[in-house]
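Since the structure comes first, as structure tokens, the remarks are kept for the end.
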Amino acid sequence: YAELRRQILWGEIAAGSTLSVRRLSEQFRVSPMPVRDAIRRLEVEDLVEVTPRSATRVSLVSPDAVREIAEVRSRLEALAARLAVPNLTSADVRRLRELLRAMQGAATRNDPEAWHQGNAEFHRVVIHRSGNRLLTRMTDGLWDRSIRHFSARVLSQAHFRRLRHREHQRIVQAIVNRDPDEVEQVWRDHVYQSGLETVDYLRSLAMSPVPQAARRGLVHASRPAVPATRSALRGPVTSRPATQSAANAANATSVGSSRRNGARERSATASTPR
């Protein structure tokens with residue numbers, strides 16, 4: 001489950017790909033039972049779509065879903081960050097600064113997964129200090145649903161990482177200043193803006209059936225539908241049997257011979273004196 005989930009979240013198994021229980025079982029060297037269980041769990045997370053008596057596919061990434069999650073996350077996380085300000089200690093601030101340095105290093109190495117892990121920890125350190133367990137559970141759930149949208153394709157963009165780093169620095173400074181209003185505003189803008197940029201990025205992509213995973217035999221890449229042409233609508237073209245072709249050729253030869261013989265007879269008749 002964990003490995004299959006990771007491959008979907010990071011785009012190694014592309015959106016729209018068809019999952020094969022048999023091939024996944026062979027790949028992970030397990031029986032079909034744990035694979036089916038993993039697919040059921042992934043369906044609950046909206047990562048796969050299971051159609052009875054049909055294919056199981058990786059869910060498509062919807063820009064509208066990204067926007068909706070960003071709208072809700074930006075408000076709830078900003079509230080959690082505001083509540084966390086009086087509870088954050090100097091040790092927490094040091095940890096936040098360590099994470100900023102770690103993310104910078106990951107960006108320099110062009111390691112988007114390490115960057116994302118540091119980013120997730122940065123958010124957790126603050127949100128889990130809110131003192132509101134319900135709010136923490138809600139924000140954690142939304143974070144899990146948003147991970148996939150910040151895939152390696154998005155995080156690999158240097159411009160995206162630079163903007164997020166500057167926003168993180170502003171958040172830390174507002175925490176150091178013990179300014180809950182500033183923390184809330186900067187955090188809200190941070191989450192919302194990153195969501196909007198992701199929406200724009202996803203809409204600019206030409207979604208194509210894909211993938212690396214298909215080449216590894218994990219999934220079947222669906223072929224695009226071919227529009228029906230006029231010849232296709234008339235029905236398939238079939239080759240004529242050899243015997244029929246031969247018969248047609250013989251008939252044609254016979255007709256040609258008859259015509260030539262008739263022409264010779266008319267010529268002979270015309271030349272005979274009466």
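Numbering starts fresh at 1 for the residues of each chain in the structure tokens, the chains themselves are lettered A, B, ... in the order given, and ligands are numbered from 1 as they appear.
If you count only C-alpha atoms and ignore residues fewer than 2 places along the chain from region 99-104 of chain A, what sits within 7 Å of it is A:Arg95, A:Leu96, A:Arg97, A:Ala106, A:Ala107, A:Thr108, A:Trp115, A:Gly118, A:Phe122.
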Region 55-119 of chain A near region 26-45 of chain A within 12 Å: what's each residue's closest atom pair and its distance in Å to one decimal, counting only C-alpha atoms, ordered by chain then ascending residue number, as JSON lines?
{"residue": "A:Ala55", "atom": "CA", "partner": "A:Ile39", "partner_atom": "CA", "distance": 11.9}
{"residue": "A:Thr56", "atom": "CA", "partner": "A:Ile39", "partner_atom": "CA", "distance": 8.5}
{"residue": "A:Arg57", "atom": "CA", "partner": "A:Glu43", "partner_atom": "CA", "distance": 9.8}
{"residue": "A:Val58", "atom": "CA", "partner": "A:Glu43", "partner_atom": "CA", "distance": 9.1}
{"residue": "A:Ser59", "atom": "CA", "partner": "A:Glu43", "partner_atom": "CA", "distance": 8.9}
Give me, as a Markdown table, the closest atom pair and its distance (Å, one decimal) for every residue of region 17-111 of chain A within a cut-off of 9 Å of region 127-139 of chain A, counting only C-alpha atoms, rows sorted by chain and rising number.
| residue | atom | partner | partner_atom | distance |
| --- | --- | --- | --- | --- |
| A:Arg73 | CA | A:Thr139 | CA | 6.7 |
| A:Leu76 | CA | A:Thr139 | CA | 6.6 |
| A:Glu77 | CA | A:Thr139 | CA | 6.3 |
| A:Ala78 | CA | A:Ile127 | CA | 8.8 |
| A:Leu79 | CA | A:Ser130 | CA | 8.4 |
| A:Ala80 | CA | A:Ser130 | CA | 5.1 |
| A:Ala81 | CA | A:Ile127 | CA | 5.6 |
| A:Arg82 | CA | A:Ser130 | CA | 7.6 |
| A:Leu83 | CA | A:Ser130 | CA | 4.8 |
| A:Ala84 | CA | A:Ser130 | CA | 3.9 |
| A:Val85 | CA | A:Ser130 | CA | 7.7 |
| A:Pro86 | CA | A:Ser130 | CA | 8.8 |
| A:Asn87 | CA | A:Arg129 | CA | 6.0 |
| A:Leu88 | CA | A:Arg129 | CA | 6.5 |
The selected residues should be written to file as a JSON list (two decimals), in the first residue's frame (atoms: N, CA and C atoms).
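So the final result, stored in result17.json, reads:
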[["chain", "number", "residue", "atom", "x", "y", "z"],
["A", 73, "ARG", "N", -7.78, 24.85, 2.80],
["A", 73, "ARG", "CA", -6.52, 24.74, 3.56],
["A", 73, "ARG", "C", -6.00, 26.10, 3.98],
["A", 76, "LEU", "N", -8.05, 27.23, 7.11],
["A", 76, "LEU", "CA", -7.90, 26.41, 8.32],
["A", 76, "LEU", "C", -6.46, 26.43, 8.83],
["A", 77, "GLU", "N", -5.50, 26.30, 7.94],
["A", 77, "GLU", "CA", -4.10, 26.31, 8.39],
["A", 77, "GLU", "C", -3.71, 27.67, 8.93],
["A", 78, "ALA", "N", -4.21, 28.73, 8.32],
["A", 78, "ALA", "CA", -3.90, 30.07, 8.82],
["A", 78, "ALA", "C", -4.44, 30.26, 10.24],
["A", 79, "LEU", "N", -5.63, 29.74, 10.49],
["A", 79, "LEU", "CA", -6.19, 29.81, 11.85],
["A", 79, "LEU", "C", -5.35, 28.99, 12.82],
["A", 80, "ALA", "N", -4.95, 27.79, 12.39],
["A", 80, "ALA", "CA", -4.11, 26.96, 13.26],
["A", 80, "ALA", "C", -2.78, 27.65, 13.56],
["A", 81, "ALA", "N", -2.19, 28.29, 12.55],
["A", 81, "ALA", "CA", -0.92, 29.00, 12.75],
["A", 81, "ALA", "C", -1.09, 30.16, 13.72],
["A", 82, "ARG", "N", -2.20, 30.87, 13.61],
["A", 82, "ARG", "CA", -2.47, 31.98, 14.52],
["A", 82, "ARG", "C", -2.56, 31.48, 15.96],
["A", 83, "LEU", "N", -3.29, 30.39, 16.17],
["A", 83, "LEU", "CA", -3.44, 29.83, 17.51],
["A", 83, "LEU", "C", -2.12, 29.28, 18.05],
["A", 84, "ALA", "N", -1.22, 28.88, 17.13],
["A", 84, "ALA", "CA", 0.04, 28.28, 17.55],
["A", 84, "ALA", "C", 1.06, 29.29, 18.05],
["A", 85, "VAL", "N", 0.93, 30.55, 17.65],
["A", 85, "VAL", "CA", 1.96, 31.56, 17.95],
["A", 85, "VAL", "C", 2.35, 31.59, 19.43],
["A", 86, "PRO", "N", 1.41, 31.69, 20.38],
["A", 86, "PRO", "CA", 1.84, 31.74, 21.79],
["A", 86, "PRO", "C", 2.41, 30.42, 22.31],
["A", 87, "ASN", "N", 2.18, 29.34, 21.58],
["A", 87, "ASN", "CA", 2.64, 28.02, 22.05],
["A", 87, "ASN", "C", 3.99, 27.60, 21.47],
["A", 88, "LEU", "N", 4.45, 28.29, 20.44],
["A", 88, "LEU", "CA", 5.71, 27.92, 19.80],
["A", 88, "LEU", "C", 6.89, 28.37, 20.66]]
### Task
Do a neighbour search on Trp143 (chain A) at 12 Å with only C-alpha atoms, toss out local chain neighbours closer than 2 positions, and write the hits as a ChimeraX atom specification.
/A:45,66,69-70,72-74,76-77,116,119-121,123-124,127,136-141,145-150,191,195
### Query
Please, which residues of region 88-193 of chain A, numbered as in this document, come out alpha helix (DSSP H) from DSSP, as an MDAnalysis selection string?
chainID A and resid 90:108 112:127 133:146 152:155 158:176 180:193
### Message
Quick check, in Å to one decimal: how far apart do CA of Arg23 (chain A) and CA of Leu9 (chain A) lie?
### Response
19.3 Å
### Query
Could you pull out all residues of region 28-103 of chain A with a DSSP call of strand (DSSP E or B) and give them as number ranges by chain?
A: 48-50, 56-58
Go ahead and save the residues from that selection, with all heavy atoms, as a short mmCIF file (atom, residue, chain, number, x, y, z; two decimals), in the first residue's frame.
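Saved file out-v7.cif follows:
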data_model
loop_
_atom_site.label_atom_id
_atom_site.label_comp_id
_atom_site.auth_asym_id
_atom_site.auth_seq_id
_atom_site.Cartn_x
_atom_site.Cartn_y
_atom_site.Cartn_z
N VAL A 48 -7.53 6.31 -6.53
CA VAL A 48 -7.88 5.42 -7.63
C VAL A 48 -9.40 5.37 -7.76
O VAL A 48 -10.13 5.69 -6.81
CB VAL A 48 -7.33 3.98 -7.44
CG1 VAL A 48 -5.83 3.98 -7.30
CG2 VAL A 48 -7.99 3.30 -6.25
N GLU A 49 -9.86 4.98 -8.94
CA GLU A 49 -11.28 4.83 -9.22
C GLU A 49 -11.53 3.38 -9.60
O GLU A 49 -10.93 2.87 -10.55
CB GLU A 49 -11.71 5.75 -10.36
CG GLU A 49 -11.53 7.23 -10.05
CD GLU A 49 -11.78 8.11 -11.26
OE1 GLU A 49 -11.98 7.55 -12.36
OE2 GLU A 49 -11.77 9.35 -11.11
N VAL A 50 -12.39 2.71 -8.85
CA VAL A 50 -12.70 1.31 -9.09
C VAL A 50 -14.11 1.22 -9.67
O VAL A 50 -15.08 1.65 -9.05
CB VAL A 50 -12.62 0.48 -7.80
CG1 VAL A 50 -12.97 -0.98 -8.07
CG2 VAL A 50 -11.22 0.60 -7.19
N THR A 56 -9.64 -0.66 -13.08
CA THR A 56 -9.28 0.19 -11.96
C THR A 56 -8.24 1.18 -12.45
O THR A 56 -7.20 0.78 -12.97
CB THR A 56 -8.71 -0.65 -10.80
OG1 THR A 56 -9.72 -1.54 -10.33
CG2 THR A 56 -8.25 0.25 -9.66
N ARG A 57 -8.53 2.46 -12.31
CA ARG A 57 -7.64 3.48 -12.86
C ARG A 57 -7.19 4.46 -11.78
O ARG A 57 -7.91 4.68 -10.82
CB ARG A 57 -8.34 4.26 -13.98
CG ARG A 57 -8.54 3.46 -15.25
CD ARG A 57 -9.12 4.33 -16.37
NE ARG A 57 -9.14 3.62 -17.64
CZ ARG A 57 -10.11 2.80 -18.02
NH1 ARG A 57 -11.15 2.62 -17.21
NH2 ARG A 57 -10.06 2.18 -19.18
N VAL A 58 -6.01 5.03 -12.00
CA VAL A 58 -5.52 6.09 -11.14
C VAL A 58 -6.35 7.34 -11.43
O VAL A 58 -6.54 7.71 -12.59
CB VAL A 58 -4.03 6.38 -11.40
CG1 VAL A 58 -3.55 7.55 -10.55
CG2 VAL A 58 -3.20 5.13 -11.12
#
